[in-house]
>>> print(open('entry-v1.cif').read())   # mmCIF, C-alpha atoms
data_query
#
loop_
_atom_site.label_atom_id
_atom_site.label_comp_id
_atom_site.auth_asym_id
_atom_site.auth_seq_id
_atom_site.Cartn_x
_atom_site.Cartn_y
_atom_site.Cartn_z
CA MET A 20 3.42 5.73 -26.74
CA PRO A 21 6.26 4.18 -28.81
CA SER A 22 5.15 2.35 -31.96
CA ASN A 23 7.48 -0.56 -31.11
CA PHE A 24 9.90 -1.73 -28.42
CA SER A 25 12.86 -0.02 -30.09
CA GLY A 26 11.14 3.32 -29.49
CA PHE A 27 11.08 2.78 -25.75
CA VAL A 28 13.92 4.91 -24.35
CA GLY A 29 16.14 3.49 -21.62
CA ASN A 30 16.19 0.34 -19.49
CA GLN A 31 16.95 -1.85 -22.51
CA PRO A 32 18.20 -4.87 -20.50
CA MET A 33 14.98 -4.97 -18.47
CA VAL A 34 12.78 -4.58 -21.57
CA ASP A 35 14.68 -7.37 -23.32
CA ARG A 36 14.24 -9.61 -20.28
CA LEU A 37 10.48 -9.11 -20.36
CA ARG A 38 10.33 -9.67 -24.12
CA ALA A 39 12.36 -12.87 -23.78
CA ALA A 40 10.01 -14.05 -21.02
CA ILE A 41 6.97 -13.50 -23.26
CA ALA A 42 8.62 -15.30 -26.16
CA ALA A 43 9.39 -18.26 -23.89
CA GLY A 44 5.93 -18.25 -22.30
CA ARG A 45 7.41 -17.42 -18.88
CA LEU A 46 6.16 -13.91 -18.18
CA PRO A 47 5.00 -13.82 -14.52
CA HIS A 48 1.23 -13.84 -14.23
CA SER A 49 1.50 -11.11 -11.57
CA LEU A 50 4.13 -8.47 -12.31
CA ILE A 51 5.00 -5.13 -10.68
CA LEU A 52 6.47 -2.52 -13.03
CA LEU A 53 8.44 -0.36 -10.61
CA GLY A 54 9.93 3.03 -11.39
CA PRO A 55 9.66 6.80 -10.87
CA ARG A 56 6.72 8.75 -12.22
CA GLY A 57 7.21 9.28 -15.94
CA ALA A 58 9.64 6.38 -16.37
CA GLY A 59 7.33 4.86 -18.98
CA LYS A 60 5.64 2.20 -16.86
CA TYR A 61 2.22 2.63 -18.51
CA SER A 62 3.68 2.73 -22.03
CA LEU A 63 5.67 -0.41 -21.29
CA ALA A 64 2.57 -2.13 -19.87
CA LEU A 65 0.71 -1.49 -23.14
CA LEU A 66 3.68 -2.67 -25.20
CA LEU A 67 3.77 -5.89 -23.18
CA ALA A 68 0.01 -6.31 -23.61
CA MET A 69 0.38 -5.91 -27.38
CA ALA A 70 3.22 -8.44 -27.45
CA LEU A 71 1.03 -10.90 -25.55
CA GLU A 72 -2.06 -10.34 -27.70
CA CYS A 73 -0.68 -9.62 -31.19
CA GLU A 74 -2.19 -11.88 -33.83
CA ALA A 75 1.09 -12.10 -35.79
CA GLN A 76 3.35 -12.85 -32.77
CA PRO A 77 6.57 -11.64 -34.50
CA ARG A 78 9.96 -12.54 -33.02
CA GLU A 79 13.44 -11.10 -33.39
CA ILE A 80 16.76 -12.46 -32.15
CA ALA A 81 18.63 -10.42 -29.55
CA THR A 82 22.09 -9.47 -30.82
CA SER A 83 23.63 -8.20 -27.57
CA GLY A 84 23.25 -8.23 -23.82
CA ASN A 85 22.34 -11.10 -21.52
CA HIS A 86 19.74 -12.37 -23.99
CA ALA A 87 21.95 -12.44 -27.09
CA GLY A 88 20.83 -15.21 -29.41
CA GLN A 89 17.42 -15.58 -27.73
CA PRO A 90 14.08 -14.76 -29.39
CA LEU A 91 12.40 -11.57 -28.21
CA ALA A 92 8.65 -11.02 -28.45
CA GLY A 93 7.32 -8.15 -30.53
CA PHE A 94 4.07 -7.02 -32.09
CA CYS A 95 2.96 -6.00 -35.54
CA GLY A 96 1.11 -2.83 -34.52
CA CYS A 97 -1.46 -3.21 -37.29
CA CYS A 98 -3.64 -6.21 -36.39
CA ARG A 99 -7.02 -5.67 -34.71
CA ASN A 100 -5.66 -6.57 -31.30
CA CYS A 101 -2.69 -4.20 -31.47
CA ILE A 102 -4.75 -1.30 -32.82
CA ARG A 103 -7.41 -1.58 -30.13
CA ILE A 104 -4.91 -1.90 -27.27
CA ALA A 105 -3.00 1.15 -28.56
CA GLU A 106 -6.22 3.19 -28.29
CA SER A 107 -5.73 3.15 -24.50
CA ALA A 108 -2.45 5.06 -24.77
CA ASP A 109 -3.98 8.48 -24.04
CA LEU A 110 -4.97 7.49 -20.53
CA GLU A 111 -5.89 10.94 -19.24
CA THR A 112 -8.37 11.54 -22.04
CA LYS A 113 -9.92 8.09 -21.57
CA ILE A 114 -10.32 8.72 -17.84
CA GLU A 115 -11.93 12.11 -18.48
CA GLN A 116 -14.39 10.49 -20.87
CA ALA A 117 -15.21 7.76 -18.35
CA VAL A 118 -15.75 10.28 -15.56
CA ALA A 119 -17.97 12.40 -17.83
CA ALA A 120 -20.02 9.31 -18.74
CA ARG A 121 -20.44 8.48 -15.07
CA GLU A 122 -21.65 12.00 -14.33
CA GLU A 123 -24.45 11.50 -16.85
CA MET A 124 -25.82 8.50 -14.93
CA ARG A 125 -28.62 8.49 -12.41
CA GLU A 126 -27.44 9.08 -8.85
CA VAL A 127 -28.35 5.54 -7.83
CA ASP A 128 -26.14 4.11 -10.62
CA LYS A 129 -23.34 6.65 -10.31
CA LYS A 130 -22.56 5.66 -6.73
CA ASP A 131 -21.58 2.09 -7.64
CA THR A 132 -19.89 2.80 -10.97
CA ARG A 133 -16.09 2.73 -11.04
CA VAL A 134 -13.81 4.21 -13.68
CA MET A 135 -12.21 1.56 -15.92
CA ILE A 136 -10.78 1.76 -19.44
CA GLN A 137 -11.33 -0.96 -22.02
CA THR A 138 -10.59 -0.57 -25.72
CA HIS A 139 -10.01 -4.32 -26.22
CA PRO A 140 -12.33 -7.00 -24.76
CA ASP A 141 -9.41 -8.86 -23.15
CA VAL A 142 -7.39 -5.89 -21.82
CA LEU A 143 -8.75 -3.90 -18.88
CA ILE A 144 -7.07 -0.76 -17.50
CA LEU A 145 -7.85 0.07 -13.86
CA PRO A 146 -6.79 3.63 -12.89
CA PRO A 147 -7.30 5.22 -9.46
CA ASP A 148 -10.99 6.10 -9.16
CA PRO A 149 -11.75 9.86 -8.88
CA PRO A 150 -12.10 11.94 -6.84
CA GLN A 151 -10.19 10.11 -4.07
CA LEU A 152 -7.80 8.67 -6.70
CA LEU A 153 -7.63 5.25 -5.09
CA ILE A 154 -8.03 1.74 -6.52
CA LYS A 155 -11.38 0.70 -5.04
CA LEU A 156 -13.04 -2.55 -4.11
CA GLY A 157 -15.47 -2.43 -7.04
CA GLN A 158 -12.59 -2.33 -9.52
CA VAL A 159 -10.88 -5.35 -7.96
CA ARG A 160 -14.18 -7.25 -7.86
CA THR A 161 -14.61 -6.57 -11.58
CA LEU A 162 -11.14 -8.01 -12.23
CA ILE A 163 -11.89 -11.11 -10.15
CA GLU A 164 -15.17 -11.68 -11.99
CA ARG A 165 -13.74 -11.20 -15.48
CA ALA A 166 -10.67 -13.30 -14.74
CA GLN A 167 -12.92 -16.35 -14.43
CA TYR A 168 -13.82 -16.21 -18.13
CA VAL A 169 -11.45 -17.30 -20.89
CA PRO A 170 -10.25 -14.64 -23.38
CA ALA A 171 -12.85 -13.60 -25.92
CA GLU A 172 -10.59 -12.71 -28.87
CA ALA A 173 -6.94 -12.97 -27.86
CA ARG A 174 -4.48 -15.36 -26.24
CA ALA A 175 -4.63 -13.90 -22.73
CA LYS A 176 -6.50 -11.56 -20.44
CA VAL A 177 -4.42 -8.59 -19.32
CA PHE A 178 -5.31 -6.35 -16.37
CA VAL A 179 -3.29 -3.19 -15.69
CA PHE A 180 -3.47 -1.27 -12.41
CA THR A 181 -1.99 2.14 -13.20
CA SER A 182 -1.35 3.00 -9.55
CA SER A 183 -0.36 1.27 -6.32
CA ALA A 184 -2.72 3.44 -4.25
CA PHE A 185 -5.20 0.76 -3.13
CA MET A 186 -7.94 1.05 -0.58
CA LYS A 187 -7.26 -1.52 2.14
CA GLU A 188 -10.30 -3.64 1.27
CA ALA A 189 -9.37 -3.60 -2.42
CA ALA A 190 -5.78 -4.65 -1.72
CA ASN A 191 -6.90 -7.54 0.49
CA SER A 192 -9.41 -8.72 -2.11
CA LEU A 193 -6.69 -8.84 -4.78
CA LEU A 194 -4.52 -11.32 -2.87
CA LYS A 195 -6.35 -14.52 -3.87
CA VAL A 196 -6.25 -13.90 -7.61
CA LEU A 197 -2.58 -12.86 -7.38
CA GLU A 198 -1.76 -16.12 -5.63
CA GLU A 199 -3.65 -18.41 -8.00
CA PRO A 200 -4.34 -16.56 -11.27
CA PRO A 201 -5.84 -18.53 -14.16
CA ALA A 202 -3.22 -19.63 -16.67
CA TYR A 203 -4.44 -17.11 -19.27
CA VAL A 204 -4.42 -14.08 -16.91
CA HIS A 205 -1.64 -11.48 -16.58
CA ILE A 206 -1.93 -8.74 -13.94
CA LEU A 207 0.42 -5.74 -14.20
CA LEU A 208 0.72 -3.34 -11.26
CA LEU A 209 2.46 0.00 -11.81
CA ALA A 210 4.20 1.41 -8.73
CA GLU A 211 6.60 4.21 -7.87
CA ASN A 212 7.49 2.73 -4.49
CA LEU A 213 7.26 -0.91 -3.44
CA GLY A 214 6.49 0.22 0.10
CA GLU A 215 3.09 1.48 -1.10
CA LEU A 216 1.99 -2.11 -1.65
CA LEU A 217 1.15 -4.63 1.04
CA PRO A 218 3.95 -7.14 1.73
CA THR A 219 1.47 -9.90 0.89
CA ILE A 220 0.98 -8.37 -2.57
CA ARG A 221 4.71 -7.90 -3.16
CA SER A 222 5.44 -11.51 -2.23
CA ARG A 223 3.01 -12.77 -4.89
CA CYS A 224 4.45 -10.75 -7.78
CA GLY A 225 7.55 -10.57 -9.91
CA VAL A 226 9.21 -7.14 -10.07
CA ALA A 227 10.62 -5.34 -13.12
CA HIS A 228 12.51 -2.22 -12.08
CA LEU A 229 12.80 0.74 -14.46
CA GLY A 230 15.78 2.84 -13.42
CA SER A 231 16.37 6.57 -13.92
CA LEU A 232 18.44 7.93 -16.80
CA PRO A 233 21.31 10.41 -16.32
CA ALA A 234 20.34 14.08 -16.57
CA ALA A 235 22.75 14.61 -19.48
CA GLU A 236 21.04 11.84 -21.46
CA ILE A 237 17.62 13.35 -20.73
CA ALA A 238 18.84 16.81 -21.80
CA ALA A 239 20.15 15.39 -25.09
CA LEU A 240 16.81 13.72 -25.74
CA LEU A 241 15.00 17.00 -25.00
CA ALA A 242 17.19 18.82 -27.52
CA GLU A 243 15.87 16.37 -30.13
CA ARG A 244 12.25 16.04 -29.03
CA ARG A 245 11.52 19.51 -27.55
CA PRO A 246 13.68 21.93 -29.58
CA ARG A 247 11.71 24.98 -28.37
CA LEU A 248 13.30 24.67 -24.94
CA ASN A 249 16.50 26.67 -24.57
CA PRO A 250 19.61 25.01 -23.05
CA ALA A 251 18.91 26.35 -19.53
CA GLU A 252 15.32 25.09 -19.66
CA ARG A 253 16.46 21.69 -20.94
CA GLU A 254 18.92 21.35 -18.05
CA LEU A 255 16.25 22.40 -15.55
CA VAL A 256 13.65 19.95 -16.93
CA ALA A 257 16.25 17.15 -17.07
CA ARG A 258 16.99 17.64 -13.37
CA LEU A 259 13.37 18.08 -12.29
CA SER A 260 12.22 14.97 -14.19
CA GLU A 261 14.56 12.84 -12.05
CA GLY A 262 15.70 10.66 -14.92
CA ALA A 263 12.17 9.80 -16.10
CA VAL A 264 11.90 10.12 -19.89
CA GLY A 265 8.12 10.39 -20.10
CA ARG A 266 7.99 12.99 -17.38
CA ALA A 267 10.71 15.05 -19.10
CA LEU A 268 9.01 14.95 -22.50
CA GLY A 269 5.69 16.05 -21.05
CA PHE A 270 7.02 18.38 -18.35
CA ASP A 271 5.01 21.61 -18.11
CA LEU A 272 7.46 24.24 -16.90
CA ALA A 273 4.81 26.94 -16.55
CA GLU A 274 2.60 24.71 -14.41
CA TYR A 275 5.53 23.65 -12.25
CA ALA A 276 6.68 27.27 -11.83
CA ALA A 277 3.20 28.25 -10.58
CA ALA A 278 3.17 25.38 -8.06
CA ARG A 279 6.71 26.24 -6.98
CA ASP A 280 5.77 29.89 -6.41
CA ASP A 281 3.03 28.70 -4.04
CA ALA A 282 5.53 26.40 -2.31
CA PHE A 283 7.85 29.36 -1.81
CA THR A 284 4.91 31.29 -0.32
CA ILE A 285 4.59 28.58 2.34
CA LEU A 286 8.33 28.66 3.05
CA HIS A 287 8.44 32.46 3.24
CA THR A 288 5.45 32.49 5.63
CA ALA A 289 7.29 30.10 7.93
CA GLU A 290 10.48 32.11 7.58
CA ARG A 291 8.91 35.41 8.65
CA SER A 292 6.98 34.03 11.66
CA GLY A 293 5.39 37.45 12.01
CA GLY A 294 1.90 38.79 12.67
CA MET A 295 -1.38 38.21 10.86
CA GLU A 296 -0.41 40.49 8.00
CA ASP A 297 2.23 37.95 7.04
CA HIS A 298 -0.48 35.39 6.32
CA SER A 299 -2.46 37.35 3.74
CA SER A 300 -0.52 36.03 0.73
CA LEU A 301 -0.74 32.52 2.13
CA PHE A 302 -4.52 32.64 2.54
CA ARG A 303 -4.98 34.14 -0.94
CA MET A 304 -2.90 31.33 -2.36
CA THR A 305 -4.65 28.45 -0.55
CA GLU A 306 -8.09 29.76 -1.54
CA ALA A 307 -7.39 28.28 -4.98
CA TYR A 308 -7.01 24.78 -3.53
CA ARG A 309 -10.66 23.83 -3.30
CA ALA A 310 -12.49 20.53 -3.65
CA GLY A 311 -12.84 18.69 -6.94
CA ALA A 312 -10.46 17.22 -9.48
CA GLU A 313 -8.78 20.57 -10.25
CA GLY A 314 -8.06 21.21 -6.58
CA GLN A 315 -6.75 17.67 -6.25
CA SER A 316 -4.27 18.04 -9.10
CA LYS A 317 -3.16 21.49 -7.90
CA THR A 318 -2.53 20.18 -4.40
CA VAL A 319 -0.52 17.23 -5.72
CA ALA A 320 1.56 19.64 -7.85
CA LEU A 321 2.12 21.97 -4.88
CA LEU A 322 3.24 19.16 -2.59
CA GLY A 323 5.54 17.85 -5.31
CA ALA A 324 7.13 21.27 -5.78
CA LEU A 325 7.49 21.79 -2.03
CA SER A 326 9.10 18.37 -1.68
CA SER A 327 11.55 19.24 -4.45
CA LEU A 328 12.53 22.49 -2.71
CA LEU A 329 13.00 20.79 0.65
CA GLU A 330 15.17 18.09 -0.92
CA ASP A 331 17.31 20.77 -2.57
CA MET A 332 17.71 22.51 0.79
CA LEU A 333 18.87 19.22 2.29
CA MET A 334 21.42 18.82 -0.51
CA LEU A 335 22.78 22.30 0.22
CA HIS A 336 22.88 21.49 3.93
CA SER A 337 24.84 18.35 3.09
CA GLY A 338 27.39 20.11 0.92
CA ALA A 339 26.12 18.61 -2.36
CA PRO A 340 25.11 21.66 -4.45
CA ASP A 341 25.71 19.71 -7.67
CA ARG A 342 22.63 17.60 -6.84
CA VAL A 343 20.26 20.58 -6.58
CA ARG A 344 17.40 20.21 -9.07
CA ASN A 345 15.88 23.72 -8.99
CA ILE A 346 19.09 25.20 -10.37
CA ASP A 347 17.42 28.44 -11.45
CA LYS A 348 16.57 29.16 -7.79
CA ARG A 349 19.87 28.05 -6.24
CA ALA A 350 20.64 31.41 -4.57
CA GLU A 351 17.19 31.58 -2.93
CA LEU A 352 17.43 27.95 -1.84
CA GLN A 353 20.87 28.57 -0.32
CA ARG A 354 19.44 31.46 1.72
CA LEU A 355 16.57 29.27 2.96
CA ALA A 356 18.95 26.39 3.69
CA ASP A 357 20.98 28.77 5.87
CA THR A 358 17.75 29.81 7.62
CA PHE A 359 16.09 26.45 8.32
CA SER A 360 17.59 23.58 10.32
CA PHE A 361 17.60 19.86 9.52
CA ASP A 362 14.99 19.34 12.25
CA TRP A 363 12.68 21.94 10.72
CA ILE A 364 12.95 20.35 7.27
CA GLU A 365 12.09 16.96 8.81
CA GLN A 366 9.06 18.56 10.45
CA ALA A 367 8.04 20.03 7.09
CA VAL A 368 8.17 16.60 5.46
CA GLN A 369 5.97 15.17 8.24
CA ALA A 370 3.51 18.04 7.78
CA MET A 371 3.30 17.28 4.05
CA ASP A 372 2.59 13.64 4.87
CA ALA A 373 -0.29 14.80 7.08
CA VAL A 374 -1.77 16.79 4.17
CA GLN A 375 -1.53 13.74 1.90
CA ARG A 376 -3.28 11.60 4.50
CA GLY A 377 -5.99 14.24 4.76
CA MET A 378 -6.44 14.17 0.98
CA ARG A 379 -7.11 10.43 1.16
CA ARG A 380 -9.79 11.17 3.77
CA ASN A 381 -11.19 13.92 1.50
CA LEU A 382 -10.54 16.73 4.01
CA LEU A 383 -10.85 20.33 2.80
CA ARG A 384 -7.53 20.97 1.07
CA SER A 385 -7.25 24.72 1.59
CA LEU A 386 -7.63 24.30 5.36
CA SER A 387 -5.14 21.42 5.37
CA LEU A 388 -2.58 23.61 3.61
CA ASP A 389 -3.24 26.52 6.00
CA ALA A 390 -2.79 24.18 8.96
CA MET A 391 0.47 22.86 7.50
CA ALA A 392 1.84 26.38 6.98
CA VAL A 393 0.90 27.48 10.50
CA GLU A 394 2.47 24.31 11.95
CA LEU A 395 5.70 25.09 10.10
CA GLU A 396 5.61 28.67 11.34
CA VAL A 397 5.21 27.48 14.95
CA GLY A 398 8.08 25.04 14.46
CA ARG A 399 10.26 27.94 13.29
CA ARG A 400 9.80 29.93 16.50
#
>>> encode(input="entry-v1.cif", output="C-alpha cells")
Amino acid sequence: MPSNFSGFVGNQPMVDRLRAAIAAGRLPHSLILLGPRGAGKYSLALLLAMALECEAQPREIATSGNHAGQPLAGFCGCCRNCIRIAESADLETKIEQAVAAREEMREVDKKDTRVMIQTHPDVLILPPDPPQLLIKLGQVRTLIERAQYVPAEARAKVFVFTSSAFMKEAANSLLKVLEEPPAYVHILLLAENLGELLPTIRSRCGVAHLGSLPAAEIAALLAERRPRLNPAERELVARLSEGAVGRALGFDLAEYAAARDDAFTILHTAERSGGMEDHSSLFRMTEAYRAGAEGQSKTVALLGALSSLLEDMLMLHSGAPDRVRNIDKRAELQRLADTFSFDWIEQAVQAMDAVQRGMRRNLLRSLSLDAMAVELEVGRR
C-alpha cells in the first residue's frame, strides 16, 4: 500500500476529487469504488480511511486540475490511527489468520462466526466469507449493529466491503443503513462491475470510477518496480493486467501460465471432438480442482485464463490482432480462432457462467469443469 496519496499510481483527478470532498466534509457516506481487479480499490479505501481518521488532519493545496487552489485531505502516517489502519493493508494474510482462528473454535461457534478484519476499533473490513466467498448476512448485521454506536477513538466509523458479491439476504439488509447512515458512518463498497450490485444499492451510493492505465504506462512502471522481468514478459504482464497497476505489480506469470495450460486443455478437447481417449488429459487436469479454498482459487484462475483466451479469439475474429493480450500465444490463438465460430465462443462464455453459478452453490468443481468441457465438445460437433 502507498505510504501517501502521491504514491497512488493513476487516476489522479478522481483521487483529488475524493481528497477534496474529505477536506470539505462532503465525502458521500455510501461510496462505491469501481474499477477492474488490481486497480487499487482496496489501497485507495485504506488511504481514504486514514485521511478521515488521521489525528493530525494535514491539508495541502491542489496546484493543478479541476481542484486547483482547493485544500486536499491527507494523513500523517505516523499517528496511532494511521498506523493501526495501515496494518490492514495485507488483506490476504489477515483473512488467512481469521479463517485459521475460526477453525480453532468449537463447531457450535464456528458455524455463526464470519470473517472480518479490524486493526482499528472504528474501521471494519468485511471481505467475502470463505469458502463460498460471498458477503453474508452475519457480516451486514455486524455492520448495522456497530453503526449505531459513536466512534470510540476517531472522527468517524468506516466500513469497507472488499467485494460486491453479496448474498441476496445480505444485500437487502444493507439497504436501510445505506439510505439513512448515521452522520459519522462511511461505507465503502469495492466493485469491479456495477451490475453485480442491486439497483437499490447503486441508487443509494456515490460512485468513484478508477479507470485502466495504458499498457505502455504499465510496462514502464514494471521496468522500474519489477526489473527481473524481461521486456517480453513486461509487455505480456502489462496486457494481461488490463491496465490495473496493482494486478500488474503482483502478477504471477508462472501461476497464470499453469491456469492457461489447463484452459488450453479444455479448448483442445473441444477441438478434437474425438473418442474417450481424447478426454484422458482433461480428466487428469480437472482432478486437481477439488473442494476447499485451494480448489476455489484454482478454479477462479482457470476461468479467468479461459476467459482471456476466448476474448483474444474474438479479437482475432474481429480483425483486431493488436488488442490480443496473450501475445506469446498469438499463433495458437489464431489457429483456434480459425477453428471455432462466434456462436461456439458465445456458448463457451455461457458454459463458464454456469460453472461460476455452480461455485456459488458449492457444487463439486471438478465435475462442473468436466461438464463444461463435454458441453463445449458437443457444441463443436
>>> atom_distance(input="entry-v1.cif", atom1="CA of Val226 in chain A", atom2="CA of Leu63 in chain A")
13.6 Å
>>> closest_residue(input="entry-v1.cif", among="A:Lys176, A:Arg38, A:Lys348, A:Arg342", to="Ala276 in chain A", atoms="all atoms listed in the file")
A:Lys348
>>> residues_around(input="entry-v1.cif", residues="range 164-173 of chain A", least_positions_apart="2", cutoff="9 Å", atoms="all atoms listed in the file", output="PyMOL selection string")
chain A and resi 71-74+100+139-141+159-162+175-176+178+196+200-201+203-204
>>> resolve_selection(input="entry-v1.cif", expression="the PyMOL selection byres ((chain A and resi 259) around 10)", output="list of chain:residue names")
A:Ala234, A:Arg253, A:Glu254, A:Leu255, A:Val256, A:Ala257, A:Arg258, A:Ser260, A:Glu261, A:Gly262, A:Ala263, A:Arg266, A:Ala267, A:Phe270, A:Leu272, A:Tyr275, A:Ala324, A:Ser327, A:Val343, A:Arg344, A:Asn345, A:Ile346
>>> write_last_selection(input="entry-v1.cif", atoms="C-alpha atoms", output="CSV table (one decimal), in the coordinates of the input")
chain,number,residue,atom,x,y,z
A,234,ALA,CA,20.3,14.1,-16.6
A,253,ARG,CA,16.5,21.7,-20.9
A,254,GLU,CA,18.9,21.4,-18.0
A,255,LEU,CA,16.2,22.4,-15.6
A,256,VAL,CA,13.6,20.0,-16.9
A,257,ALA,CA,16.2,17.2,-17.1
A,258,ARG,CA,17.0,17.6,-13.4
A,260,SER,CA,12.2,15.0,-14.2
A,261,GLU,CA,14.6,12.8,-12.0
A,262,GLY,CA,15.7,10.7,-14.9
A,263,ALA,CA,12.2,9.8,-16.1
A,266,ARG,CA,8.0,13.0,-17.4
A,267,ALA,CA,10.7,15.0,-19.1
A,270,PHE,CA,7.0,18.4,-18.4
A,272,LEU,CA,7.5,24.2,-16.9
A,275,TYR,CA,5.5,23.6,-12.2
A,324,ALA,CA,7.1,21.3,-5.8
A,327,SER,CA,11.6,19.2,-4.4
A,343,VAL,CA,20.3,20.6,-6.6
A,344,ARG,CA,17.4,20.2,-9.1
A,345,ASN,CA,15.9,23.7,-9.0
A,346,ILE,CA,19.1,25.2,-10.4
>>> resolve_selection(input="entry-v1.cif", expression="the PyMOL selection byres ((chain A and resi 95) around 9)", output="list in words")
Asn23, Met69, Ala70, Cys73, Glu74, Ala75, Gln76, Pro77, Gly93, Phe94, Gly96, Cys97, Cys98 and Cys101 of chain A
>>> write_last_selection(input="entry-v1.cif", atoms="C-alpha atoms", output="JSON list (two decimals), keeping the file's coordinate frame")
[["chain", "number", "residue", "atom", "x", "y", "z"],
["A", 23, "ASN", "CA", 7.48, -0.56, -31.11],
["A", 69, "MET", "CA", 0.38, -5.91, -27.38],
["A", 70, "ALA", "CA", 3.22, -8.44, -27.45],
["A", 73, "CYS", "CA", -0.68, -9.62, -31.19],
["A", 74, "GLU", "CA", -2.19, -11.88, -33.83],
["A", 75, "ALA", "CA", 1.09, -12.10, -35.79],
["A", 76, "GLN", "CA", 3.35, -12.85, -32.77],
["A", 77, "PRO", "CA", 6.57, -11.64, -34.50],
["A", 93, "GLY", "CA", 7.32, -8.15, -30.53],
["A", 94, "PHE", "CA", 4.07, -7.02, -32.09],
["A", 96, "GLY", "CA", 1.11, -2.83, -34.52],
["A", 97, "CYS", "CA", -1.46, -3.21, -37.29],
["A", 98, "CYS", "CA", -3.64, -6.21, -36.39],
["A", 101, "CYS", "CA", -2.69, -4.20, -31.47]]
>>> closest_residue(input="entry-v1.cif", among="A:Ile220, A:Ala370, A:Val118, A:Val34", to="Ile51 in chain A", atoms="all atoms listed in the file")
A:Ile220
>>> residues_near_point(input="entry-v1.cif", point="(15.2, -12.6, -29.6)", cutoff="7 Å", atoms="only C-alpha atoms", output="number ranges by chain")
A: 39, 78-81, 88-92
>>> residues_around(input="entry-v1.cif", residues="range 131-136 of chain A", least_positions_apart="5", cutoff="9 Å", atoms="only C-alpha atoms", output="PyMOL selection string")
chain A and resi 107+110+113-114+117-118+121+142-149+155+157-158
>>> write_last_selection(input="entry-v1.cif", atoms="C-alpha atoms", output="short mmCIF file (atom, residue, chain, number, x, y, z; two decimals), keeping the file's coordinate frame")
data_model
loop_
_atom_site.label_atom_id
_atom_site.label_comp_id
_atom_site.auth_asym_id
_atom_site.auth_seq_id
_atom_site.Cartn_x
_atom_site.Cartn_y
_atom_site.Cartn_z
CA SER A 107 -5.73 3.15 -24.50
CA LEU A 110 -4.97 7.49 -20.53
CA LYS A 113 -9.92 8.09 -21.57
CA ILE A 114 -10.32 8.72 -17.84
CA ALA A 117 -15.21 7.76 -18.35
CA VAL A 118 -15.75 10.28 -15.56
CA ARG A 121 -20.44 8.48 -15.07
CA VAL A 142 -7.39 -5.89 -21.82
CA LEU A 143 -8.75 -3.90 -18.88
CA ILE A 144 -7.07 -0.76 -17.50
CA LEU A 145 -7.85 0.07 -13.86
CA PRO A 146 -6.79 3.63 -12.89
CA PRO A 147 -7.30 5.22 -9.46
CA ASP A 148 -10.99 6.10 -9.16
CA PRO A 149 -11.75 9.86 -8.88
CA LYS A 155 -11.38 0.70 -5.04
CA GLY A 157 -15.47 -2.43 -7.04
CA GLN A 158 -12.59 -2.33 -9.52
#
>>> atom_distance(input="entry-v1.cif", atom1="CA of Leu325 in chain A", atom2="CA of Ala282 in chain A")
5.0 Å
>>> closest_residue(input="entry-v1.cif", among="A:Ser183, A:Thr138, A:Ser192, A:Ser83", to="Leu156 in chain A", atoms="only C-alpha atoms")
A:Ser192
>>> residues_around(input="entry-v1.cif", residues="Pro47 in chain A", least_positions_apart="4", cutoff="12 Å", atoms="only C-alpha atoms", output="PDB file with C-alpha atoms, keeping the file's coordinate frame")
ATOM      1  CA  ARG A  36      14.240  -9.610 -20.280  1.00  0.00           C
ATOM      2  CA  LEU A  37      10.480  -9.110 -20.360  1.00  0.00           C
ATOM      3  CA  ARG A  38      10.330  -9.670 -24.120  1.00  0.00           C
ATOM      4  CA  ALA A  39      12.360 -12.870 -23.780  1.00  0.00           C
ATOM      5  CA  ALA A  40      10.010 -14.050 -21.020  1.00  0.00           C
ATOM      6  CA  ILE A  41       6.970 -13.500 -23.260  1.00  0.00           C
ATOM      7  CA  ALA A  43       9.390 -18.260 -23.890  1.00  0.00           C
ATOM      8  CA  ILE A  51       5.000  -5.130 -10.680  1.00  0.00           C
ATOM      9  CA  LEU A  52       6.470  -2.520 -13.030  1.00  0.00           C
ATOM     10  CA  LEU A  67       3.770  -5.890 -23.180  1.00  0.00           C
ATOM     11  CA  VAL A 177      -4.420  -8.590 -19.320  1.00  0.00           C
ATOM     12  CA  LEU A 197      -2.580 -12.860  -7.380  1.00  0.00           C
ATOM     13  CA  GLU A 198      -1.760 -16.120  -5.630  1.00  0.00           C
ATOM     14  CA  GLU A 199      -3.650 -18.410  -8.000  1.00  0.00           C
ATOM     15  CA  PRO A 200      -4.340 -16.560 -11.270  1.00  0.00           C
ATOM     16  CA  PRO A 201      -5.840 -18.530 -14.160  1.00  0.00           C
ATOM     17  CA  ALA A 202      -3.220 -19.630 -16.670  1.00  0.00           C
ATOM     18  CA  TYR A 203      -4.440 -17.110 -19.270  1.00  0.00           C
ATOM     19  CA  VAL A 204      -4.420 -14.080 -16.910  1.00  0.00           C
ATOM     20  CA  HIS A 205      -1.640 -11.480 -16.580  1.00  0.00           C
ATOM     21  CA  ILE A 206      -1.930  -8.740 -13.940  1.00  0.00           C
ATOM     22  CA  LEU A 207       0.420  -5.740 -14.200  1.00  0.00           C
ATOM     23  CA  LEU A 208       0.720  -3.340 -11.260  1.00  0.00           C
ATOM     24  CA  ARG A 223       3.010 -12.770  -4.890  1.00  0.00           C
ATOM     25  CA  CYS A 224       4.450 -10.750  -7.780  1.00  0.00           C
ATOM     26  CA  GLY A 225       7.550 -10.570  -9.910  1.00  0.00           C
ATOM     27  CA  VAL A 226       9.210  -7.140 -10.070  1.00  0.00           C
ATOM     28  CA  ALA A 227      10.620  -5.340 -13.120  1.00  0.00           C
TER      29      ALA A 227
END
>>> closest_residue(input="entry-v1.cif", among="A:Leu213, A:Ile237, A:Ala68, A:Val319", to="Leu46 in chain A", atoms="only C-alpha atoms")
A:Ala68
>>> residues_around(input="entry-v1.cif", residues="Ala108 in chain A", least_positions_apart="3", cutoff="9 Å", atoms="all atoms listed in the file", output="number ranges by chain")
A: 20, 61-62, 65, 104-105, 111, 113
>>> atom_distance(input="entry-v1.cif", atom1="CA of Glu115 in chain A", atom2="CA of Arg56 in chain A")
20.0 Å
>>> resolve_selection(input="entry-v1.cif", expression="the PyMOL selection byres ((chain A and resi 211) around 7)", output="PyMOL selection string")
chain A and resi 53-56+210+212-213
>>> residues_around(input="entry-v1.cif", residues="Arg354 in chain A", least_positions_apart="2", cutoff="12 Å", atoms="only C-alpha atoms", output="PyMOL selection string")
chain A and resi 286-287+290+331-332+335-336+348-352+356-360
